[in-house]
Every structure is written in structure tokens, then in C-alpha cells.
>>> print(open('start07.txt').read())   # compact mmCIF, C-alpha atoms
# COMPACT_ATOMS: atom_id res chain seq x y z
CA MET A 1 -30.75 22.01 -1.76
CA GLN A 2 -28.91 25.06 -3.05
CA ALA A 3 -32.13 26.25 -4.71
CA LEU A 4 -33.97 25.77 -1.40
CA TYR A 5 -31.35 27.74 0.52
CA ALA A 6 -31.44 30.48 -2.11
CA GLN A 7 -35.22 30.81 -1.75
CA LEU A 8 -34.91 30.86 2.04
CA LEU A 9 -32.37 33.68 1.72
CA VAL A 10 -34.71 35.62 -0.57
CA GLY A 11 -37.53 35.04 1.91
CA LEU A 12 -35.37 36.23 4.80
CA ILE A 13 -34.46 39.41 2.90
CA ASN A 14 -38.11 40.07 2.03
CA GLY A 15 -38.93 39.36 5.66
CA SER A 16 -36.46 42.06 6.70
CA PHE A 17 -38.35 44.63 4.64
CA TYR A 18 -41.71 43.31 5.87
CA ALA A 19 -40.52 43.58 9.48
CA LEU A 20 -39.20 47.15 9.14
CA LEU A 21 -42.27 48.40 7.29
CA SER A 22 -44.79 46.60 9.51
CA LEU A 23 -42.89 47.86 12.57
CA GLY A 24 -43.36 51.45 11.38
CA LEU A 25 -47.05 50.78 10.75
CA ALA A 26 -47.44 49.16 14.17
CA VAL A 27 -45.75 52.11 15.90
CA ILE A 28 -48.04 54.60 14.14
CA PHE A 29 -51.21 52.61 14.75
CA GLY A 30 -50.35 51.56 18.28
CA MET A 31 -49.35 55.05 19.40
CA LEU A 32 -51.56 57.26 17.19
CA ASN A 33 -54.46 55.00 16.10
CA ILE A 34 -53.86 55.97 12.45
CA ILE A 35 -53.99 53.37 9.65
CA ASN A 36 -51.17 54.84 7.56
CA PHE A 37 -51.78 53.78 3.96
CA ALA A 38 -49.12 56.27 2.81
CA HIS A 39 -46.43 54.03 4.30
CA GLY A 40 -45.54 52.45 0.96
CA ALA A 41 -45.12 55.85 -0.70
CA LEU A 42 -42.88 57.02 2.14
CA TYR A 43 -40.82 53.83 1.78
CA MET A 44 -40.39 54.75 -1.88
CA MET A 45 -39.39 58.31 -0.91
CA GLY A 46 -36.62 56.87 1.28
CA ALA A 47 -35.16 55.04 -1.73
CA PHE A 48 -35.41 58.17 -3.89
CA ALA A 49 -33.81 60.25 -1.13
CA ALA A 50 -30.81 57.88 -1.21
CA TYR A 51 -30.70 58.18 -5.01
CA PHE A 52 -30.77 62.00 -4.89
CA LEU A 53 -28.12 62.13 -2.16
CA LEU A 54 -25.79 60.03 -4.30
CA ASN A 55 -26.40 61.63 -7.69
CA VAL A 56 -26.99 65.26 -6.66
CA ALA A 57 -25.09 65.80 -3.42
CA GLY A 58 -22.45 63.12 -3.92
CA LEU A 59 -23.26 61.46 -0.57
CA GLY A 60 -23.10 57.69 -0.65
CA TYR A 61 -24.96 54.82 0.94
CA TRP A 62 -23.72 55.27 4.52
CA TRP A 63 -24.81 58.91 4.60
CA ALA A 64 -28.15 57.92 3.08
CA LEU A 65 -28.82 55.51 5.96
CA ILE A 66 -28.77 58.52 8.29
CA ILE A 67 -30.03 61.44 6.20
CA ALA A 68 -32.85 59.79 4.21
CA PRO A 69 -34.86 58.54 7.25
CA ILE A 70 -34.47 61.94 8.93
CA ALA A 71 -35.54 63.86 5.80
CA VAL A 72 -38.56 61.64 5.11
CA GLY A 73 -39.38 61.59 8.83
CA VAL A 74 -39.51 65.41 8.82
CA PHE A 75 -41.80 65.26 5.77
CA GLY A 76 -44.02 62.83 7.69
CA MET A 77 -44.13 65.13 10.71
CA ILE A 78 -45.25 67.99 8.45
CA LEU A 79 -48.03 65.75 7.12
CA GLU A 80 -49.09 64.91 10.67
CA ARG A 81 -49.16 68.53 11.82
CA THR A 82 -50.95 69.87 8.75
CA MET A 83 -53.42 67.05 8.00
CA LEU A 84 -53.51 63.99 10.23
CA GLN A 85 -53.85 65.79 13.57
CA TRP A 86 -57.34 66.94 12.58
CA LEU A 87 -58.49 63.31 12.46
CA THR A 88 -58.02 62.73 16.20
CA GLY A 89 -61.07 61.04 17.66
CA LEU A 90 -62.63 60.25 14.28
CA ASP A 91 -63.24 56.82 12.80
CA HIS A 92 -60.18 54.97 11.44
CA LEU A 93 -61.73 55.08 7.97
CA TYR A 94 -60.99 58.82 7.66
CA GLY A 95 -57.29 58.31 8.32
CA LEU A 96 -57.20 55.41 5.89
CA LEU A 97 -58.82 57.45 3.11
CA LEU A 98 -56.61 60.51 3.72
CA THR A 99 -53.35 58.56 3.77
CA PHE A 100 -54.45 56.55 0.71
CA GLY A 101 -55.00 59.84 -1.14
CA ILE A 102 -51.58 61.11 -0.01
CA ALA A 103 -49.99 57.88 -1.27
CA LEU A 104 -51.61 58.28 -4.70
CA ILE A 105 -50.45 61.90 -4.96
CA VAL A 106 -46.85 61.16 -3.92
CA GLN A 107 -46.56 58.15 -6.20
CA GLY A 108 -48.14 60.03 -9.10
CA VAL A 109 -45.71 62.96 -8.75
CA PHE A 110 -42.65 60.69 -8.77
CA GLN A 111 -44.00 58.61 -11.64
CA ASN A 112 -44.66 61.76 -13.68
CA TYR A 113 -41.05 62.92 -13.32
CA PHE A 114 -39.16 59.60 -13.28
CA GLY A 115 -41.38 57.17 -15.18
CA SER A 116 -42.13 53.60 -14.16
CA SER A 117 -38.78 51.95 -14.84
CA GLY A 118 -36.22 51.42 -12.10
CA LEU A 119 -33.19 53.60 -11.48
CA PRO A 120 -29.98 51.76 -10.50
CA TYR A 121 -28.39 52.30 -7.10
CA ALA A 122 -24.98 50.71 -6.58
CA ILE A 123 -24.06 48.51 -3.62
CA PRO A 124 -21.38 50.23 -1.51
CA ASP A 125 -17.86 48.92 -2.09
CA GLU A 126 -17.55 47.68 1.51
CA LEU A 127 -20.52 45.34 1.05
CA ARG A 128 -19.74 43.92 -2.41
CA GLY A 129 -18.94 40.27 -3.03
CA GLY A 130 -20.02 37.27 -1.03
CA MET A 131 -19.05 34.46 1.28
CA ASN A 132 -19.02 30.73 0.58
CA LEU A 133 -20.78 29.09 3.53
CA GLY A 134 -20.27 25.60 2.14
CA PHE A 135 -23.95 24.88 1.60
CA MET A 136 -24.62 28.16 -0.23
CA PHE A 137 -23.05 31.40 -1.46
CA LEU A 138 -24.16 34.37 0.64
CA PRO A 139 -23.95 37.87 -0.91
CA ILE A 140 -22.51 40.17 1.76
CA TYR A 141 -25.01 42.97 1.13
CA ARG A 142 -28.00 40.69 1.59
CA GLY A 143 -26.58 39.37 4.84
CA TRP A 144 -26.04 42.97 5.97
CA VAL A 145 -29.69 43.83 5.22
CA VAL A 146 -30.96 40.97 7.38
CA VAL A 147 -28.67 41.71 10.34
CA PHE A 148 -29.12 45.49 10.22
CA SER A 149 -32.93 45.21 9.95
CA LEU A 150 -33.05 42.86 12.92
CA VAL A 151 -30.90 45.22 15.03
CA VAL A 152 -33.07 48.25 14.15
CA CYS A 153 -36.28 46.34 14.89
CA LEU A 154 -35.08 45.15 18.29
CA ALA A 155 -33.73 48.61 19.17
CA THR A 156 -37.12 50.15 18.33
CA TRP A 157 -38.93 47.54 20.43
CA PHE A 158 -36.60 48.26 23.36
CA LEU A 159 -37.13 52.02 23.01
CA ILE A 160 -40.91 51.74 23.11
CA GLU A 161 -41.37 48.89 25.58
CA LYS A 162 -38.47 49.27 28.03
CA THR A 163 -37.60 52.97 28.35
CA ARG A 164 -39.21 55.94 30.09
CA LEU A 165 -39.77 57.67 26.76
CA GLY A 166 -41.65 54.63 25.51
CA ALA A 167 -43.72 54.61 28.69
CA TYR A 168 -44.68 58.24 28.07
CA LEU A 169 -45.63 57.38 24.48
CA ARG A 170 -47.86 54.51 25.56
CA ALA A 171 -49.40 56.54 28.35
CA ALA A 172 -50.12 59.43 25.97
CA THR A 173 -52.25 57.13 23.81
CA GLU A 174 -54.20 55.78 26.79
CA ASN A 175 -54.76 58.97 28.79
CA PRO A 176 -53.37 62.13 27.13
CA THR A 177 -55.01 64.44 29.68
CA LEU A 178 -53.16 62.79 32.57
CA VAL A 179 -49.85 62.88 30.69
CA ARG A 180 -50.32 66.61 29.99
CA ALA A 181 -50.74 67.11 33.73
CA PHE A 182 -47.16 65.88 34.18
CA GLY A 183 -45.92 68.62 31.86
CA VAL A 184 -45.48 66.46 28.73
CA ASN A 185 -46.23 68.08 25.38
CA VAL A 186 -48.50 65.36 23.98
CA PRO A 187 -49.05 66.83 20.46
CA ARG A 188 -45.29 67.15 19.97
CA MET A 189 -44.78 63.59 21.18
CA ILE A 190 -47.41 62.33 18.75
CA THR A 191 -45.73 64.19 15.88
CA LEU A 192 -42.32 62.74 16.76
CA THR A 193 -43.83 59.25 16.98
CA TYR A 194 -45.29 59.57 13.48
CA GLY A 195 -41.89 60.79 12.28
CA LEU A 196 -40.27 57.70 13.83
CA GLY A 197 -42.67 55.33 12.08
CA VAL A 198 -42.17 57.10 8.75
CA GLY A 199 -38.39 57.14 9.25
CA LEU A 200 -38.42 53.35 9.63
CA ALA A 201 -40.21 53.07 6.29
CA ALA A 202 -37.63 55.37 4.65
CA LEU A 203 -34.79 53.32 6.17
CA ALA A 204 -36.27 50.20 4.60
CA GLY A 205 -36.36 52.08 1.28
CA VAL A 206 -32.63 52.87 1.50
CA LEU A 207 -31.82 49.23 2.28
CA SER A 208 -33.98 48.10 -0.64
CA ALA A 209 -32.54 50.48 -3.24
CA PRO A 210 -29.45 48.40 -4.23
CA ILE A 211 -31.53 45.19 -4.40
CA ASN A 212 -34.82 46.24 -6.03
CA GLN A 213 -33.73 49.48 -7.78
CA VAL A 214 -35.42 52.82 -7.20
CA ARG A 215 -38.85 53.20 -8.83
CA PRO A 216 -42.13 54.98 -8.02
CA GLY A 217 -44.17 51.77 -7.74
CA MET A 218 -41.90 49.95 -5.30
CA GLY A 219 -44.03 50.90 -2.29
CA ALA A 220 -47.34 49.98 -3.92
CA ASP A 221 -46.00 46.46 -4.54
CA LEU A 222 -45.35 45.89 -0.83
CA ILE A 223 -47.94 47.82 1.15
CA ILE A 224 -50.80 45.29 0.91
CA VAL A 225 -48.53 42.44 2.04
CA VAL A 226 -47.19 44.60 4.88
CA PHE A 227 -50.72 45.37 6.06
CA ALA A 228 -51.39 41.63 6.08
CA VAL A 229 -48.26 41.15 8.21
CA VAL A 230 -49.48 43.77 10.71
CA VAL A 231 -52.94 42.17 10.90
CA ILE A 232 -51.48 38.70 11.46
CA GLY A 233 -49.07 39.93 14.12
CA GLY A 234 -51.72 42.04 15.84
CA MET A 235 -52.55 45.68 15.08
CA GLY A 236 -50.25 47.89 17.12
CA SER A 237 -48.11 45.00 18.44
CA ILE A 238 -44.42 45.90 18.09
CA MET A 239 -42.87 42.48 18.70
CA GLY A 240 -45.70 40.78 16.82
CA SER A 241 -44.86 42.80 13.70
CA ILE A 242 -41.16 41.95 13.93
CA ILE A 243 -41.64 38.21 14.41
CA THR A 244 -44.43 37.95 11.84
CA GLY A 245 -42.49 39.96 9.24
CA PHE A 246 -39.46 37.68 9.32
CA ALA A 247 -41.55 34.51 9.64
CA LEU A 248 -43.83 35.31 6.70
CA GLY A 249 -40.83 36.18 4.55
CA MET A 250 -39.41 32.72 5.24
CA ILE A 251 -42.79 31.04 4.61
CA GLU A 252 -43.09 32.92 1.34
CA GLY A 253 -39.60 31.75 0.32
CA LEU A 254 -40.44 28.13 1.14
CA THR A 255 -43.68 28.40 -0.83
CA LYS A 256 -41.78 29.68 -3.88
CA TYR A 257 -39.63 26.54 -3.72
CA PHE A 258 -42.32 23.91 -3.10
CA TYR A 259 -45.38 25.47 -4.78
CA PRO A 260 -44.50 28.67 -6.70
CA GLU A 261 -48.08 29.26 -7.89
CA ALA A 262 -49.20 29.97 -4.31
CA SER A 263 -46.30 32.26 -3.31
CA ASN A 264 -48.26 35.46 -3.98
CA THR A 265 -51.29 34.39 -1.97
CA VAL A 266 -49.86 32.40 0.95
CA VAL A 267 -49.63 35.50 3.17
CA PHE A 268 -53.31 36.33 2.66
CA VAL A 269 -54.38 32.71 3.22
CA LEU A 270 -52.50 32.78 6.52
CA MET A 271 -54.13 36.10 7.39
CA VAL A 272 -57.62 34.63 6.87
CA LEU A 273 -56.78 31.56 8.97
CA VAL A 274 -55.34 33.65 11.82
CA LEU A 275 -58.34 36.00 11.84
CA LEU A 276 -60.74 33.07 11.94
CA ILE A 277 -58.94 31.60 14.96
CA LYS A 278 -57.80 34.78 16.75
CA PRO A 279 -59.36 38.00 15.37
CA THR A 280 -56.93 40.24 17.30
CA GLY A 281 -53.90 38.68 15.60
CA LEU A 282 -51.23 36.39 17.04
CA THR A 283 -50.00 38.82 19.70
CA GLY A 284 -52.74 41.46 19.66
CA ARG A 285 -54.99 42.16 22.61
CA ALA A 286 -58.71 42.74 22.60
CA ALA A 287 -59.80 46.36 22.97
>>> encode(input="start07.txt", output="C-alpha cells")
Amino acid sequence: MQALYAQLLVGLINGSFYALLSLGLAVIFGMLNIINFAHGALYMMGAFAAYFLLNVAGLGYWWALIIAPIAVGVFGMILERTMLQWLTGLDHLYGLLLTFGIALIVQGVFQNYFGSSGLPYAIPDELRGGMNLGFMFLPIYRGWVVVFSLVVCLATWFLIEKTRLGAYLRAATENPTLVRAFGVNVPRMITLTYGLGVGLAALAGVLSAPINQVRPGMGADLIIVVFAVVVIGGMGSIMGSIITGFALGMIEGLTKYFYPEASNTVVFVLMVLVLLIKPTGLTGRAA
């Protein structure tokens, strides 16, 4: 049973990263209609930003949780203003190809300077150690990752679905001309939305750094699975991405315990089954 609980914990932690990353993808696609294949590279940049802040500026983990998402978010906004904005109204394939090229360039630059091996990033002193729950030993940092990811995901959902700002964002995607008539700067709003989605990816990178180490390929290992999570939950569905991310992490953990050989493919098998039954995803709506 301890091995089962350990795998469930690993699945829950992976689900936290899946949820944060798929949430950022869902925000970008739902608000901007861009399939952002550079998301994995920006996740990696968040982890490297935390590493640089610690080893160059002497700023630890808690500062990195704030500064790294902002810095990478600003980088994402520059990408949107200089490249992605010209794809408005074009087929999704153009955005996919452009962001895929950006991902290859970013990953190649980091791999050229830092190699393929991982760089260590220490767990902050406040989150070291663990707790004995009786049925299992829970590392404090891993519990923090799960709780913090869930809080961020729910806060983002509330911002987009329940606030006036979120209403403006959703209206700008449906009828930008009408929103401009109310005096809203739609291009600026779109840029800020892309920065938010990218910042969520960078935040996931900071959370991942003490667990998975900092390495150029860390985003490439996750991005395909995260896209599968978004498709299963429903493209552009905020809550669907959150629920599906955590759920698939748990399913993956259970699969590793009962049938390890299928753990790397179970997500894609589920994706095929969901698309056969409901092509728009579990919570997606038909166009």
C-alpha cells in the first residue's frame, strides 16, 4: 500500500504541473486562438530564471516565484507583439508552426550554453523535511506544490470567469470591434493575456526546479502530454484543463503501480477514447 500511495503522490505532483501548464495553454487558445507550442520552452525558461536569480542575483526561491513568471511573461508579451500578432485571422497551423520554431530556437540556445544535464536547485529551508501521515511519508515540498498549484489554478479560473476583467477578455475574443467601441484597448489586452498564459508556464517551471532539476529539455518532455490534457479537457476550457490535469496525473500514477508498461501511453489512449466519444473534449463546446 505504501508503494501505491507513493505513486499516487507522484501522479498528483505531475498532475499539478499538467494543470498549470494546460491552464496557460487553455488561456492562450481560448482568448487568443493561438496553439502555443512554445509553452514547454517557456516553462523551461521559468526554471532557468529561478536558477539565475539564485546563483547570479542571490535571490532565493520565494523571490523566484514572483520575479520569474513576470520576467518570462514580459518575454512572452514581446513575442506576441513582434511575431504572433501578425497571425490574427490566419489558420491555426501558422501559429503552431511559428511557436514550434520559437521553441526549437529557445531550447537550442539553452542547450548550447548549458548542455543536456540537469542543474541542481535546492529546496528552500522552510519546505524541507516531511510529515508522517501514518499511511505514508509526505515530503513537505511536494505537498506545497500540489496545494499552491491548485490555489493558482482556481484563482486564474475565478479571474477569467467571474470578474469584469475576465468578461472583457472573453468579449474581446468574440467581438473585438464592439469591445473597442467601449474604449477598451483590445491589442493591449490580448498581449497581457498571452503574458498571463506564459507566466503560468514559468511559474510551473519554478515549482518544478527543485524536483526535476533545471535542464533545457524539461519542457520538451512535458509539452506533448500537456497538449493531450488540453484536448481531453476541451480546447480553451479553463476548468476542464484544471480538472483533467490533476485527474490524468492521478491516472498516470495508478497506471505506474498496476501496469508500468502502459504509464507513458495511458494519457494518449484516453485522448483517443474521449475524441471518439466527444470530439470537443470533456468540457469543450462546439464552435
>>> closest_residue(input="start07.txt", among="A:Ala3, A:Leu96, A:Leu54, A:Ile160", to="Gly24 (chain A)", atoms="only C-alpha atoms")
A:Ile160
>>> atom_distance(input="start07.txt", atom1="CA of Ala204 (chain A)", atom2="CA of Gly233 (chain A)")
19.0 Å
>>> residues_near_point(input="start07.txt", point="(-21.0, 51.3, -1.7)", cutoff="10 Å", atoms="all atoms listed in the file", output="PyMOL selection string")
chain A and resi 60-62+121-128+141+210
>>> residues_around(input="start07.txt", residues="Leu90 (chain A)", least_positions_apart="6", cutoff="12 Å", atoms="all atoms listed in the file", output="PyMOL selection string")
chain A and resi 32-35+84+96
>>> closest_residue(input="start07.txt", among="A:Gly95, A:Gly240, A:Pro279, A:Gly58", to="Leu154 (chain A)", atoms="all atoms listed in the file")
A:Gly240
>>> closest_residue(input="start07.txt", among="A:Leu254, A:Val267, A:Val74, A:Val214", to="Tyr43 (chain A)", atoms="all atoms listed in the file")
A:Val214
>>> atom_distance(input="start07.txt", atom1="CA of Met45 (chain A)", atom2="CA of Ala228 (chain A)")
21.7 Å
>>> residues_around(input="start07.txt", residues="Val198 (chain A)", least_positions_apart="6", cutoff="9 Å", atoms="all atoms listed in the file", output="list of chain:residue names")
A:Leu21, A:Gly24, A:Leu25, A:Ile28, A:His39, A:Leu42, A:Tyr43, A:Pro69, A:Val72, A:Gly73, A:Val74, A:Phe75, A:Gly76, A:Met77
>>> atom_distance(input="start07.txt", atom1="CA of Asp221 (chain A)", atom2="CA of Leu200 (chain A)")
17.5 Å
>>> axis_aligned_box(input="start07.txt", around="region 270-276 of chain A", padding_each_side="4 Å", output="lines of an AutoDock Vina configuration file")
center_x = -56.6
center_y = 33.8
center_z = 9.2
size_x = 16.2
size_y = 12.5
size_z = 13.4
>>> residues_around(input="start07.txt", residues="Gly253 (chain A)", least_positions_apart="4", cutoff="6 Å", atoms="only C-alpha atoms", output="PyMOL selection string")
chain A and resi 7-8+11
>>> closest_residue(input="start07.txt", among="A:Met83, A:Met44, A:Cys153, A:Leu133", to="Ala103 (chain A)", atoms="all atoms listed in the file")
A:Met44
>>> closest_residue(input="start07.txt", among="A:Phe246, A:Phe48, A:Tyr18, A:Trp86", to="Gln213 (chain A)", atoms="only C-alpha atoms")
A:Phe48
>>> closest_residue(input="start07.txt", among="A:Met250, A:Ile232, A:Ala41, A:Ile13", to="Phe100 (chain A)", atoms="all atoms listed in the file")
A:Ala41
>>> residues_around(input="start07.txt", residues="Gly245 (chain A)", least_positions_apart="4", cutoff="9 Å", atoms="only C-alpha atoms", output="number ranges by chain")
A: 14-23, 226, 229-230, 233, 240-241, 249-250
>>> residues_around(input="start07.txt", residues="Pro216 (chain A)", least_positions_apart="3", cutoff="9 Å", atoms="only C-alpha atoms", output="number ranges by chain")
A: 41, 44-45, 48, 106-111, 114-118, 219-220
>>> residues_near_point(input="start07.txt", point="(-43.0, 62.0, 31.0)", cutoff="8 Å", atoms="all atoms listed in the file", output="PyMOL selection string")
chain A and resi 164-165+167-168+179+182-184
>>> decode(input="start07.txt", residues="region 145-165 of chain A", atoms="N, CA, C and O atoms", output="short mmCIF file (atom, residue, chain, number, x, y, z; two decimals), in the first residue's frame")
data_model
loop_
_atom_site.label_atom_id
_atom_site.label_comp_id
_atom_site.auth_asym_id
_atom_site.auth_seq_id
_atom_site.Cartn_x
_atom_site.Cartn_y
_atom_site.Cartn_z
N VAL A 145 3.68 22.00 -3.45
CA VAL A 145 3.48 22.13 -4.90
C VAL A 145 2.03 21.86 -5.27
O VAL A 145 1.41 22.60 -6.04
N VAL A 146 1.46 20.80 -4.70
CA VAL A 146 0.08 20.44 -5.02
C VAL A 146 -0.90 21.53 -4.57
O VAL A 146 -1.76 21.98 -5.34
N VAL A 147 -0.74 21.99 -3.32
CA VAL A 147 -1.67 22.98 -2.78
C VAL A 147 -1.52 24.32 -3.51
O VAL A 147 -2.51 24.95 -3.90
N PHE A 148 -0.28 24.76 -3.72
CA PHE A 148 -0.05 26.05 -4.36
C PHE A 148 -0.56 26.04 -5.81
O PHE A 148 -1.19 27.00 -6.27
N SER A 149 -0.32 24.94 -6.54
CA SER A 149 -0.80 24.83 -7.92
C SER A 149 -2.32 24.91 -7.97
O SER A 149 -2.89 25.58 -8.83
N LEU A 150 -2.98 24.21 -7.04
CA LEU A 150 -4.44 24.22 -7.02
C LEU A 150 -4.98 25.63 -6.75
O LEU A 150 -5.94 26.08 -7.40
N VAL A 151 -4.35 26.34 -5.81
CA VAL A 151 -4.78 27.71 -5.48
C VAL A 151 -4.61 28.62 -6.69
O VAL A 151 -5.51 29.41 -7.03
N VAL A 152 -3.46 28.54 -7.37
CA VAL A 152 -3.21 29.38 -8.55
C VAL A 152 -4.20 29.08 -9.66
O VAL A 152 -4.74 29.99 -10.31
N CYS A 153 -4.47 27.79 -9.88
CA CYS A 153 -5.41 27.40 -10.94
C CYS A 153 -6.81 27.94 -10.66
O CYS A 153 -7.47 28.50 -11.56
N LEU A 154 -7.27 27.80 -9.43
CA LEU A 154 -8.61 28.27 -9.10
C LEU A 154 -8.70 29.79 -9.14
O LEU A 154 -9.71 30.36 -9.56
N ALA A 155 -7.62 30.47 -8.72
CA ALA A 155 -7.60 31.94 -8.78
C ALA A 155 -7.66 32.42 -10.23
O ALA A 155 -8.35 33.40 -10.54
N THR A 156 -6.96 31.73 -11.12
CA THR A 156 -6.98 32.10 -12.54
C THR A 156 -8.37 31.87 -13.13
O THR A 156 -8.88 32.70 -13.90
N TRP A 157 -8.98 30.74 -12.79
CA TRP A 157 -10.35 30.47 -13.25
C TRP A 157 -11.30 31.56 -12.77
O TRP A 157 -12.13 32.05 -13.55
N PHE A 158 -11.19 31.95 -11.52
CA PHE A 158 -12.07 32.99 -10.97
C PHE A 158 -11.85 34.31 -11.69
O PHE A 158 -12.81 35.03 -12.01
N LEU A 159 -10.59 34.65 -11.97
CA LEU A 159 -10.28 35.90 -12.65
C LEU A 159 -10.93 35.97 -14.02
O LEU A 159 -11.51 36.99 -14.41
N ILE A 160 -10.87 34.87 -14.76
CA ILE A 160 -11.35 34.87 -16.14
C ILE A 160 -12.86 34.69 -16.22
O ILE A 160 -13.52 35.29 -17.07
N GLU A 161 -13.42 33.88 -15.34
CA GLU A 161 -14.84 33.52 -15.46
C GLU A 161 -15.76 34.38 -14.60
O GLU A 161 -16.96 34.48 -14.90
N LYS A 162 -15.25 35.01 -13.54
CA LYS A 162 -16.15 35.65 -12.58
C LYS A 162 -15.89 37.14 -12.37
O LYS A 162 -16.54 37.75 -11.51
N THR A 163 -14.94 37.73 -13.05
CA THR A 163 -14.64 39.15 -12.85
C THR A 163 -14.93 39.95 -14.11
O THR A 163 -15.08 39.39 -15.20
N ARG A 164 -15.01 41.27 -13.94
CA ARG A 164 -15.27 42.14 -15.09
C ARG A 164 -14.12 42.09 -16.09
O ARG A 164 -14.35 42.10 -17.31
N LEU A 165 -12.89 42.02 -15.58
CA LEU A 165 -11.74 41.91 -16.48
C LEU A 165 -11.85 40.66 -17.34
O LEU A 165 -11.61 40.69 -18.56
#
